[in-house]
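What's in entry-v1.cif: mmCIF, C-alpha atoms
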data_work
#
loop_
_atom_site.group_PDB
_atom_site.id
_atom_site.type_symbol
_atom_site.label_atom_id
_atom_site.label_comp_id
_atom_site.auth_asym_id
_atom_site.auth_seq_id
_atom_site.Cartn_x
_atom_site.Cartn_y
_atom_site.Cartn_z
ATOM 1 C CA MET A 1 -8.922 14.578 -12.873
ATOM 2 C CA ARG A 2 -11.955 13.439 -10.920
ATOM 3 C CA LYS A 3 -14.203 13.044 -13.953
ATOM 4 C CA LYS A 4 -15.173 9.411 -14.531
ATOM 5 C CA LEU A 5 -13.384 7.897 -17.533
ATOM 6 C CA GLU A 6 -15.693 6.400 -20.130
ATOM 7 C CA GLY A 7 -15.654 4.866 -23.602
ATOM 8 C CA ASP A 8 -12.577 5.516 -25.749
ATOM 9 C CA GLU A 9 -10.970 7.769 -23.178
ATOM 10 C CA ARG A 10 -11.179 4.960 -20.597
ATOM 11 C CA ARG A 11 -9.732 2.430 -23.063
ATOM 12 C CA GLU A 12 -6.862 4.728 -24.055
ATOM 13 C CA HIS A 13 -5.896 5.363 -20.462
ATOM 14 C CA LEU A 14 -6.014 1.678 -19.548
ATOM 15 C CA ALA A 15 -3.869 0.817 -22.570
ATOM 16 C CA THR A 16 -0.998 2.729 -20.923
ATOM 17 C CA LEU A 17 -1.022 0.362 -17.909
ATOM 18 C CA HIS A 18 0.531 -3.087 -17.529
ATOM 19 C CA GLY A 19 -0.965 -5.978 -15.591
ATOM 20 C CA TRP A 20 -4.027 -4.153 -14.319
ATOM 21 C CA SER A 21 -7.454 -5.660 -14.920
ATOM 22 C CA ASP A 22 -11.024 -4.476 -14.549
ATOM 23 C CA ALA A 23 -12.533 -5.356 -11.193
ATOM 24 C CA ALA A 24 -15.368 -7.852 -11.493
ATOM 25 C CA ASP A 25 -17.969 -6.059 -9.426
ATOM 26 C CA ARG A 26 -17.526 -2.307 -9.984
ATOM 27 C CA ASP A 27 -15.835 0.391 -12.047
ATOM 28 C CA ALA A 28 -12.321 -0.097 -10.684
ATOM 29 C CA ILE A 29 -8.993 -1.685 -11.626
ATOM 30 C CA SER A 30 -7.017 -4.295 -9.704
ATOM 31 C CA LYS A 31 -3.541 -5.765 -9.623
ATOM 32 C CA ARG A 32 -1.639 -8.298 -7.525
ATOM 33 C CA TYR A 33 1.983 -7.542 -6.683
ATOM 34 C CA LYS A 34 4.266 -10.293 -5.410
ATOM 35 C CA PHE A 35 7.547 -9.602 -3.662
ATOM 36 C CA ARG A 36 10.293 -11.804 -2.302
ATOM 37 C CA THR A 37 9.685 -11.029 1.369
ATOM 38 C CA PHE A 38 7.294 -9.239 3.720
ATOM 39 C CA SER A 39 9.946 -6.564 4.118
ATOM 40 C CA GLU A 40 9.916 -5.864 0.377
ATOM 41 C CA ALA A 41 6.121 -5.960 0.222
ATOM 42 C CA PHE A 42 5.753 -3.531 3.085
ATOM 43 C CA GLY A 43 8.567 -1.347 1.787
ATOM 44 C CA PHE A 44 6.548 -1.034 -1.431
ATOM 45 C CA MET A 45 3.425 -0.163 0.571
ATOM 46 C CA ALA A 46 5.274 2.487 2.564
ATOM 47 C CA ARG A 47 6.508 4.199 -0.594
ATOM 48 C CA VAL A 48 3.070 4.003 -2.201
ATOM 49 C CA ALA A 49 1.507 5.435 0.977
ATOM 50 C CA LEU A 50 3.735 8.515 0.688
ATOM 51 C CA ALA A 51 2.861 8.955 -2.992
ATOM 52 C CA ALA A 52 -0.851 8.422 -2.313
ATOM 53 C CA GLU A 53 -0.889 10.945 0.513
ATOM 54 C CA LYS A 54 0.835 13.486 -1.720
ATOM 55 C CA MET A 55 -1.787 12.892 -4.457
ATOM 56 C CA ASP A 56 -4.564 12.879 -1.866
ATOM 57 C CA HIS A 57 -5.784 9.726 -3.557
ATOM 58 C CA HIS A 58 -5.534 6.384 -1.772
ATOM 59 C CA PRO A 59 -5.620 2.723 -2.780
ATOM 60 C CA GLU A 60 -7.804 -0.019 -1.372
ATOM 61 C CA TRP A 61 -5.309 -2.741 -0.630
ATOM 62 C CA SER A 62 -4.609 -5.880 1.312
ATOM 63 C CA ASN A 63 -1.405 -7.611 2.270
ATOM 64 C CA VAL A 64 -0.736 -11.236 3.161
ATOM 65 C CA TYR A 65 2.959 -11.809 3.771
ATOM 66 C CA ARG A 66 4.688 -11.039 0.451
ATOM 67 C CA THR A 67 1.567 -10.403 -1.631
ATOM 68 C CA VAL A 68 -0.150 -7.027 -2.036
ATOM 69 C CA ASP A 69 -3.574 -6.847 -3.757
ATOM 70 C CA VAL A 70 -4.633 -3.412 -4.905
ATOM 71 C CA THR A 71 -7.927 -1.965 -6.165
ATOM 72 C CA LEU A 72 -8.156 1.581 -7.454
ATOM 73 C CA THR A 73 -11.304 3.641 -7.959
ATOM 74 C CA THR A 74 -12.406 7.194 -7.225
ATOM 75 C CA HIS A 75 -15.272 7.186 -4.746
ATOM 76 C CA ASP A 76 -16.186 10.852 -5.394
ATOM 77 C CA ALA A 77 -16.658 10.115 -9.089
ATOM 78 C CA GLY A 78 -18.311 6.728 -8.654
ATOM 79 C CA GLY A 79 -15.743 5.023 -10.864
ATOM 80 C CA LEU A 80 -12.376 5.120 -12.553
ATOM 81 C CA THR A 81 -10.716 8.499 -13.166
ATOM 82 C CA GLU A 82 -7.339 9.813 -14.321
ATOM 83 C CA LEU A 83 -6.304 9.918 -10.663
ATOM 84 C CA ASP A 84 -6.486 6.105 -10.553
ATOM 85 C CA VAL A 85 -4.422 5.790 -13.710
ATOM 86 C CA ARG A 86 -1.813 8.141 -12.249
ATOM 87 C CA LEU A 87 -1.680 6.202 -8.982
ATOM 88 C CA ALA A 88 -1.444 2.895 -10.890
ATOM 89 C CA CYS A 89 1.546 4.251 -12.852
ATOM 90 C CA ALA A 90 3.198 5.456 -9.654
ATOM 91 C CA MET A 91 2.706 2.039 -8.021
ATOM 92 C CA ASP A 92 4.203 0.207 -11.009
ATOM 93 C CA GLU A 93 7.179 2.537 -10.988
ATOM 94 C CA ILE A 94 7.724 2.009 -7.263
ATOM 95 C CA ALA A 95 7.317 -1.774 -7.586
ATOM 96 C CA GLY A 96 9.914 -1.758 -10.348
ATOM 97 C CA THR A 97 12.492 -0.318 -8.004
ATOM 98 C CA THR A 98 11.472 -2.203 -4.855
ATOM 99 C CA GLY A 99 12.291 -5.710 -5.918
ATOM 100 C CA SER A 100 9.089 -7.215 -7.347
ATOM 101 C CA MET B 1 4.293 -20.671 20.624
ATOM 102 C CA ARG B 2 3.246 -22.326 17.373
ATOM 103 C CA LYS B 3 1.011 -24.932 19.002
ATOM 104 C CA LYS B 4 -2.629 -24.443 18.068
ATOM 105 C CA LEU B 5 -4.671 -23.107 21.009
ATOM 106 C CA GLU B 6 -7.675 -25.210 21.891
ATOM 107 C CA GLY B 7 -10.419 -25.510 24.512
ATOM 108 C CA ASP B 8 -9.880 -23.686 27.825
ATOM 109 C CA GLU B 9 -6.434 -22.526 26.859
ATOM 110 C CA ARG B 10 -7.858 -20.821 23.754
ATOM 111 C CA ARG B 11 -10.655 -19.202 25.779
ATOM 112 C CA GLU B 12 -8.252 -17.947 28.454
ATOM 113 C CA HIS B 13 -5.958 -16.375 25.908
ATOM 114 C CA LEU B 14 -8.816 -14.707 24.037
ATOM 115 C CA ALA B 15 -10.175 -13.308 27.314
ATOM 116 C CA THR B 16 -7.048 -11.165 27.588
ATOM 117 C CA LEU B 17 -7.870 -9.361 24.301
ATOM 118 C CA HIS B 18 -10.277 -6.492 23.655
ATOM 119 C CA GLY B 19 -12.405 -6.052 20.562
ATOM 120 C CA TRP B 20 -11.174 -9.129 18.710
ATOM 121 C CA SER B 21 -13.689 -11.653 17.431
ATOM 122 C CA ASP B 22 -13.510 -15.132 15.965
ATOM 123 C CA ALA B 23 -13.336 -15.145 12.183
ATOM 124 C CA ALA B 24 -16.438 -16.648 10.595
ATOM 125 C CA ASP B 25 -14.778 -19.090 8.256
ATOM 126 C CA ARG B 26 -11.622 -20.435 9.932
ATOM 127 C CA ASP B 27 -9.608 -20.637 13.157
ATOM 128 C CA ALA B 28 -8.509 -16.992 13.284
ATOM 129 C CA ILE B 29 -9.325 -13.715 15.029
ATOM 130 C CA SER B 30 -10.259 -10.392 13.446
ATOM 131 C CA LYS B 31 -10.505 -6.737 14.377
ATOM 132 C CA ARG B 32 -11.317 -3.473 12.622
ATOM 133 C CA TYR B 33 -9.289 -0.413 13.574
ATOM 134 C CA LYS B 34 -10.536 3.074 12.652
ATOM 135 C CA PHE B 35 -8.282 6.107 12.660
ATOM 136 C CA ARG B 36 -8.867 9.788 11.978
ATOM 137 C CA THR B 37 -6.882 9.956 8.760
ATOM 138 C CA PHE B 38 -5.030 7.793 6.233
ATOM 139 C CA SER B 39 -1.799 9.101 7.717
ATOM 140 C CA GLU B 40 -2.724 7.754 11.148
ATOM 141 C CA ALA B 41 -3.945 4.447 9.693
ATOM 142 C CA PHE B 42 -0.757 3.907 7.728
ATOM 143 C CA GLY B 43 1.387 5.103 10.622
ATOM 144 C CA PHE B 44 -0.225 2.333 12.668
ATOM 145 C CA MET B 45 0.471 -0.186 9.890
ATOM 146 C CA ALA B 46 4.108 0.874 9.654
ATOM 147 C CA ARG B 47 4.659 0.388 13.377
ATOM 148 C CA VAL B 48 2.864 -2.975 13.316
ATOM 149 C CA ALA B 49 4.962 -4.058 10.313
ATOM 150 C CA LEU B 50 8.142 -3.465 12.316
ATOM 151 C CA ALA B 51 6.781 -5.413 15.291
ATOM 152 C CA ALA B 52 5.551 -8.237 13.036
ATOM 153 C CA GLU B 53 8.889 -8.532 11.261
ATOM 154 C CA LYS B 54 10.667 -8.694 14.613
ATOM 155 C CA MET B 55 8.303 -11.479 15.759
ATOM 156 C CA ASP B 56 8.558 -13.173 12.367
ATOM 157 C CA HIS B 57 4.771 -13.379 12.457
ATOM 158 C CA HIS B 58 2.676 -11.304 10.099
ATOM 159 C CA PRO B 59 -0.932 -10.151 9.909
ATOM 160 C CA GLU B 60 -3.348 -10.536 7.031
ATOM 161 C CA TRP B 61 -4.729 -7.045 6.673
ATOM 162 C CA SER B 62 -6.464 -4.599 4.410
ATOM 163 C CA ASN B 63 -6.651 -0.838 4.398
ATOM 164 C CA VAL B 64 -9.247 1.478 2.891
ATOM 165 C CA TYR B 65 -8.465 5.107 3.708
ATOM 166 C CA ARG B 66 -8.654 5.361 7.512
ATOM 167 C CA THR B 67 -9.831 1.818 8.235
ATOM 168 C CA VAL B 68 -7.558 -1.183 8.817
ATOM 169 C CA ASP B 69 -9.069 -4.691 8.967
ATOM 170 C CA VAL B 70 -6.858 -7.358 10.479
ATOM 171 C CA THR B 71 -7.042 -11.157 10.631
ATOM 172 C CA LEU B 72 -4.553 -13.185 12.635
ATOM 173 C CA THR B 73 -3.865 -16.889 12.358
ATOM 174 C CA THR B 74 -0.795 -19.117 12.237
ATOM 175 C CA HIS B 75 -0.586 -20.905 8.904
ATOM 176 C CA ASP B 76 2.056 -23.393 10.104
ATOM 177 C CA ALA B 77 -0.202 -24.537 12.924
ATOM 178 C CA GLY B 78 -3.444 -24.453 10.941
ATOM 179 C CA GLY B 79 -5.091 -22.131 13.443
ATOM 180 C CA LEU B 80 -4.754 -19.716 16.330
ATOM 181 C CA THR B 81 -1.603 -19.829 18.475
ATOM 182 C CA GLU B 82 0.011 -17.761 21.205
ATOM 183 C CA LEU B 83 1.881 -15.891 18.482
ATOM 184 C CA ASP B 84 -1.414 -14.453 17.263
ATOM 185 C CA VAL B 85 -2.395 -13.404 20.756
ATOM 186 C CA ARG B 86 0.975 -11.692 21.205
ATOM 187 C CA LEU B 87 0.663 -9.879 17.887
ATOM 188 C CA ALA B 88 -2.911 -8.842 18.724
ATOM 189 C CA CYS B 89 -1.705 -7.348 22.027
ATOM 190 C CA ALA B 90 1.119 -5.525 20.260
ATOM 191 C CA MET B 91 -1.329 -4.096 17.691
ATOM 192 C CA ASP B 92 -3.706 -2.862 20.390
ATOM 193 C CA GLU B 93 -0.850 -1.227 22.240
ATOM 194 C CA ILE B 94 0.385 0.492 19.067
ATOM 195 C CA ALA B 95 -3.152 1.607 18.128
ATOM 196 C CA GLY B 96 -3.562 3.095 21.601
ATOM 197 C CA THR B 97 -0.610 5.377 21.023
ATOM 198 C CA THR B 98 -1.219 6.125 17.335
ATOM 199 C CA GLY B 99 -4.486 8.026 17.598
ATOM 200 C CA SER B 100 -7.268 5.478 17.143
#
As structure tokens:
Amino acid sequence: MRKKLEGDERREHLATLHGWSDAADRDAISKRYKFRTFSEAFGFMARVALAAEKMDHHPEWSNVYRTVDVTLTTHDAGGLTELDVRLACAMDEIAGTTGS
Amino acid sequence: MRKKLEGDERREHLATLHGWSDAADRDAISKRYKFRTFSEAFGFMARVALAAEKMDHHPEWSNVYRTVDVTLTTHDAGGLTELDVRLACAMDEIAGTTGS
């Protein structure tokens, strides 16, 4: 899970995700989520925080009112791993039921 | 509350805060909070989110594991207002009882 994804394996994993893009400056993926209100944005963050804590894998993220910007990478591995792909999927699933 | 603070009034208000500094690039104040764990950091954010929603005034903030970086400004006023100072005080009070 914490082995850095490379080559075809990396491409195959990323092909399962929607709306995520490679970060410009390092081996990581990013996505911007937009919600209708701060309440919805923070509700999303609260649910993701619970999922992240359970996975023991945490996002880098920022929030300005109803926007949440997320970057995922695995520091231990020095890049993208399956853990990031799993957390990205969990975030998309939560966003889909939170009102984005 | 939404009148931009300037001159002596700005200085007097900022003198009541601890650990906040002027943002480099605009009329705003910033602070980094460090907690022991992600759980404590996000617990802090959750309590601040409730306070912010109640005030109808929200922080710009980012979180990486146990660190929370905050910037406060009032977009409507194009700079720092009493609302920011009130939110900064509320955040410090919450951080003081959340484990930072």
Nearest residue to Thr81 of chain B out of B:Ala51, B:Ala24, B:Val64, B:Ile29, using all atoms listed in the file?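 Nearest to Thr81 of chain B: B:Ile29.
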Evaluating the PyMOL selection byres ((chain A) within 7 of (chain B)) on the displayed file yields which residues, as a ChimeraX atom specification? /A:58-65
Chain B least-squares fitted onto chain A over all paired C-alpha atoms, as a tab-separated table (two decimals) with C-alpha atoms, in the frame of the given file:
chain	number	residue	atom	x	y	z
B	1	MET	CA	-8.90	14.56	-12.87
B	2	ARG	CA	-11.96	13.44	-10.92
B	3	LYS	CA	-14.19	13.02	-13.97
B	4	LYS	CA	-15.17	9.40	-14.51
B	5	LEU	CA	-13.39	7.89	-17.54
B	6	GLU	CA	-15.70	6.40	-20.11
B	7	GLY	CA	-15.66	4.86	-23.60
B	8	ASP	CA	-12.58	5.50	-25.75
B	9	GLU	CA	-10.99	7.74	-23.18
B	10	ARG	CA	-11.18	4.94	-20.59
B	11	ARG	CA	-9.74	2.41	-23.05
B	12	GLU	CA	-6.88	4.72	-24.05
B	13	HIS	CA	-5.91	5.36	-20.46
B	14	LEU	CA	-6.03	1.67	-19.54
B	15	ALA	CA	-3.86	0.82	-22.56
B	16	THR	CA	-1.00	2.73	-20.93
B	17	LEU	CA	-1.01	0.36	-17.90
B	18	HIS	CA	0.53	-3.09	-17.53
B	19	GLY	CA	-0.95	-5.98	-15.59
B	20	TRP	CA	-4.03	-4.15	-14.33
B	21	SER	CA	-7.45	-5.65	-14.94
B	22	ASP	CA	-11.02	-4.46	-14.55
B	23	ALA	CA	-12.53	-5.35	-11.20
B	24	ALA	CA	-15.36	-7.86	-11.50
B	25	ASP	CA	-17.96	-6.06	-9.46
B	26	ARG	CA	-17.55	-2.30	-10.00
B	27	ASP	CA	-15.84	0.42	-12.04
B	28	ALA	CA	-12.32	-0.10	-10.69
B	29	ILE	CA	-8.99	-1.67	-11.64
B	30	SER	CA	-7.02	-4.29	-9.72
B	31	LYS	CA	-3.53	-5.75	-9.62
B	32	ARG	CA	-1.65	-8.29	-7.52
B	33	TYR	CA	1.97	-7.53	-6.68
B	34	LYS	CA	4.27	-10.30	-5.42
B	35	PHE	CA	7.54	-9.60	-3.67
B	36	ARG	CA	10.29	-11.81	-2.30
B	37	THR	CA	9.68	-11.05	1.36
B	38	PHE	CA	7.30	-9.25	3.72
B	39	SER	CA	9.95	-6.57	4.11
B	40	GLU	CA	9.92	-5.87	0.37
B	41	ALA	CA	6.11	-5.97	0.23
B	42	PHE	CA	5.74	-3.52	3.09
B	43	GLY	CA	8.57	-1.35	1.78
B	44	PHE	CA	6.54	-1.04	-1.43
B	45	MET	CA	3.42	-0.17	0.58
B	46	ALA	CA	5.27	2.49	2.56
B	47	ARG	CA	6.52	4.19	-0.59
B	48	VAL	CA	3.07	4.01	-2.20
B	49	ALA	CA	1.50	5.44	0.97
B	50	LEU	CA	3.73	8.51	0.69
B	51	ALA	CA	2.87	8.96	-2.99
B	52	ALA	CA	-0.85	8.43	-2.31
B	53	GLU	CA	-0.89	10.96	0.51
B	54	LYS	CA	0.84	13.50	-1.72
B	55	MET	CA	-1.78	12.91	-4.45
B	56	ASP	CA	-4.56	12.89	-1.87
B	57	HIS	CA	-5.77	9.71	-3.55
B	58	HIS	CA	-5.53	6.39	-1.78
B	59	PRO	CA	-5.62	2.73	-2.77
B	60	GLU	CA	-7.81	-0.01	-1.36
B	61	TRP	CA	-5.32	-2.74	-0.65
B	62	SER	CA	-4.61	-5.88	1.29
B	63	ASN	CA	-1.40	-7.60	2.26
B	64	VAL	CA	-0.74	-11.23	3.16
B	65	TYR	CA	2.96	-11.82	3.77
B	66	ARG	CA	4.69	-11.03	0.45
B	67	THR	CA	1.57	-10.40	-1.64
B	68	VAL	CA	-0.15	-7.02	-2.05
B	69	ASP	CA	-3.56	-6.85	-3.76
B	70	VAL	CA	-4.64	-3.41	-4.91
B	71	THR	CA	-7.92	-1.96	-6.17
B	72	LEU	CA	-8.16	1.59	-7.46
B	73	THR	CA	-11.30	3.64	-7.96
B	74	THR	CA	-12.41	7.19	-7.22
B	75	HIS	CA	-15.27	7.18	-4.73
B	76	ASP	CA	-16.19	10.84	-5.38
B	77	ALA	CA	-16.67	10.13	-9.07
B	78	GLY	CA	-18.32	6.73	-8.65
B	79	GLY	CA	-15.75	5.03	-10.86
B	80	LEU	CA	-12.38	5.13	-12.56
B	81	THR	CA	-10.71	8.50	-13.17
B	82	GLU	CA	-7.35	9.81	-14.32
B	83	LEU	CA	-6.31	9.91	-10.67
B	84	ASP	CA	-6.49	6.12	-10.55
B	85	VAL	CA	-4.43	5.80	-13.70
B	86	ARG	CA	-1.80	8.14	-12.24
B	87	LEU	CA	-1.67	6.21	-8.98
B	88	ALA	CA	-1.44	2.91	-10.88
B	89	CYS	CA	1.55	4.25	-12.85
B	90	ALA	CA	3.20	5.46	-9.66
B	91	MET	CA	2.70	2.04	-8.03
B	92	ASP	CA	4.21	0.21	-11.00
B	93	GLU	CA	7.19	2.53	-10.99
B	94	ILE	CA	7.73	2.01	-7.25
B	95	ALA	CA	7.32	-1.78	-7.57
B	96	GLY	CA	9.91	-1.78	-10.35
B	97	THR	CA	12.49	-0.32	-8.01
B	98	THR	CA	11.46	-2.18	-4.84
B	99	GLY	CA	12.30	-5.73	-5.88
B	100	SER	CA	9.11	-7.22	-7.33
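Atom pair atom CA of Ala28 of chain A / atom CA of Leu80 of chain A: separated by 5.5 Å.
The result of the PyMOL selection byres ((chain A and resi 79) around 12) on the shown file is Met1, Arg2, Lys3, Lys4, Leu5, Glu6, Arg10, Asp22, Ala23, Asp25, Arg26, Asp27, Ala28, Ile29, Thr71, Leu72, Thr73, Thr74, His75, Asp76, Ala77, Gly78, Leu80, Thr81, Glu82, Leu83, Asp84 and Val85 of chain A.
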In Å, with one decimal, what is the gap from atom CA of Lys31 of chain B to atom CA of Gly19 of chain B? 6.5 Å
Point-to-point distance from atom CA of Leu17 of chain B to atom CA of Cys89 of chain B, Å rounded to tenths: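 Atom CA of Cys89 of chain B lies 6.9 Å from atom CA of Leu17 of chain B.
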Hey, which of A:His13, A:Leu87, A:Asp8, A:Phe35 ends up closest to Val48 of chain A? Count all atoms listed in the file.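 Nearest to Val48 of chain A: A:Leu87.
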Could you give me the axis-aligned bounding box of segment 15-29 of chain A, with 5 Å of padding per side, as centre plus edge lengths in Å to one decimal, as AutoDock Vina command-line options?
--center_x -8.7 --center_y -2.6 --center_z -16.0 --size_x 28.5 --size_y 20.6 --size_z 23.1
So that I can see what lies close to Thr97 of chain B, please list as a ChimeraX atom specification the residues with an atom at most 12 Å from it, counting all atoms listed in the file and leaving out residues fewer than 4 positions away in the same chain. /B:35,40-41,43-44,47-48,90-93
Copy segment 3-12 of chain B out of the block into a file, keeping all heavy atoms, as a JSON list (two decimals), in the first residue's frame.
[["chain", "number", "residue", "atom", "x", "y", "z"],
["B", 3, "LYS", "N", -15.99, 47.59, 8.83],
["B", 3, "LYS", "CA", -15.20, 48.73, 8.38],
["B", 3, "LYS", "C", -13.71, 48.37, 8.50],
["B", 3, "LYS", "O", -13.27, 47.87, 9.54],
["B", 3, "LYS", "CB", -15.51, 49.96, 9.24],
["B", 3, "LYS", "CG", -14.97, 51.27, 8.70],
["B", 3, "LYS", "CD", -15.42, 52.46, 9.53],
["B", 3, "LYS", "CE", -14.79, 52.51, 10.91],
["B", 3, "LYS", "NZ", -13.32, 52.75, 10.94],
["B", 4, "LYS", "N", -12.98, 48.60, 7.45],
["B", 4, "LYS", "CA", -11.56, 48.28, 7.43],
["B", 4, "LYS", "C", -10.82, 49.01, 8.57],
["B", 4, "LYS", "O", -11.00, 50.22, 8.74],
["B", 4, "LYS", "CB", -11.01, 48.70, 6.06],
["B", 4, "LYS", "CG", -9.65, 48.17, 5.74],
["B", 4, "LYS", "CD", -9.30, 48.46, 4.28],
["B", 4, "LYS", "CE", -7.80, 48.44, 4.09],
["B", 4, "LYS", "NZ", -7.42, 48.61, 2.69],
["B", 5, "LEU", "N", -10.01, 48.29, 9.32],
["B", 5, "LEU", "CA", -9.24, 48.91, 10.41],
["B", 5, "LEU", "C", -8.01, 49.59, 9.83],
["B", 5, "LEU", "O", -7.30, 49.01, 9.01],
["B", 5, "LEU", "CB", -8.80, 47.84, 11.40],
["B", 5, "LEU", "CG", -9.90, 47.15, 12.22],
["B", 5, "LEU", "CD1", -9.30, 46.00, 13.01],
["B", 5, "LEU", "CD2", -10.58, 48.15, 13.15],
["B", 6, "GLU", "N", -7.77, 50.80, 10.29],
["B", 6, "GLU", "CA", -6.59, 51.52, 9.78],
["B", 6, "GLU", "C", -5.88, 52.29, 10.90],
["B", 6, "GLU", "O", -6.46, 52.57, 11.95],
["B", 6, "GLU", "CB", -7.00, 52.46, 8.63],
["B", 6, "GLU", "CG", -7.50, 51.64, 7.43],
["B", 6, "GLU", "CD", -7.83, 52.46, 6.19],
["B", 6, "GLU", "OE1", -8.96, 53.02, 6.16],
["B", 6, "GLU", "OE2", -7.00, 52.53, 5.28],
["B", 7, "GLY", "N", -4.62, 52.60, 10.66],
["B", 7, "GLY", "CA", -3.85, 53.46, 11.57],
["B", 7, "GLY", "C", -3.83, 52.96, 13.00],
["B", 7, "GLY", "O", -3.63, 51.78, 13.26],
["B", 8, "ASP", "N", -4.07, 53.90, 13.96],
["B", 8, "ASP", "CA", -3.99, 53.56, 15.39],
["B", 8, "ASP", "C", -5.00, 52.50, 15.76],
["B", 8, "ASP", "O", -4.72, 51.62, 16.58],
["B", 8, "ASP", "CB", -4.27, 54.82, 16.24],
["B", 8, "ASP", "CG", -3.07, 55.76, 16.24],
["B", 8, "ASP", "OD1", -1.99, 55.33, 15.76],
["B", 8, "ASP", "OD2", -3.22, 56.89, 16.70],
["B", 9, "GLU", "N", -6.18, 52.61, 15.17],
["B", 9, "GLU", "CA", -7.24, 51.66, 15.52],
["B", 9, "GLU", "C", -6.78, 50.22, 15.17],
["B", 9, "GLU", "O", -6.97, 49.29, 15.95],
["B", 9, "GLU", "CB", -8.52, 52.00, 14.75],
["B", 9, "GLU", "CG", -9.75, 51.34, 15.31],
["B", 9, "GLU", "CD", -11.02, 51.64, 14.49],
["B", 9, "GLU", "OE1", -10.90, 52.07, 13.31],
["B", 9, "GLU", "OE2", -12.11, 51.44, 15.01],
["B", 10, "ARG", "N", -6.17, 50.09, 14.00],
["B", 10, "ARG", "CA", -5.65, 48.78, 13.57],
["B", 10, "ARG", "C", -4.59, 48.29, 14.56],
["B", 10, "ARG", "O", -4.61, 47.15, 15.01],
["B", 10, "ARG", "CB", -5.06, 48.91, 12.16],
["B", 10, "ARG", "CG", -4.71, 47.58, 11.50],
["B", 10, "ARG", "CD", -4.10, 47.82, 10.12],
["B", 10, "ARG", "NE", -4.03, 46.63, 9.31],
["B", 10, "ARG", "CZ", -3.14, 45.65, 9.47],
["B", 10, "ARG", "NH1", -2.23, 45.74, 10.41],
["B", 10, "ARG", "NH2", -3.16, 44.59, 8.68],
["B", 11, "ARG", "N", -3.66, 49.17, 14.91],
["B", 11, "ARG", "CA", -2.57, 48.80, 15.82],
["B", 11, "ARG", "C", -3.12, 48.37, 17.19],
["B", 11, "ARG", "O", -2.67, 47.40, 17.77],
["B", 11, "ARG", "CB", -1.59, 49.96, 16.00],
["B", 11, "ARG", "CG", -0.47, 49.96, 14.96],
["B", 11, "ARG", "CD", 0.60, 51.01, 15.28],
["B", 11, "ARG", "NE", 0.07, 52.37, 15.15],
["B", 11, "ARG", "CZ", -0.05, 53.01, 13.99],
["B", 11, "ARG", "NH1", 0.33, 52.43, 12.87],
["B", 11, "ARG", "NH2", -0.53, 54.24, 13.95],
["B", 12, "GLU", "N", -4.10, 49.14, 17.68],
["B", 12, "GLU", "CA", -4.66, 48.82, 19.00],
["B", 12, "GLU", "C", -5.35, 47.45, 19.00],
["B", 12, "GLU", "O", -5.21, 46.68, 19.94],
["B", 12, "GLU", "CB", -5.67, 49.90, 19.44],
["B", 12, "GLU", "CG", -4.98, 51.15, 19.96],
["B", 12, "GLU", "CD", -5.89, 52.38, 19.93],
["B", 12, "GLU", "OE1", -7.14, 52.21, 19.93],
["B", 12, "GLU", "OE2", -5.35, 53.50, 19.87]]
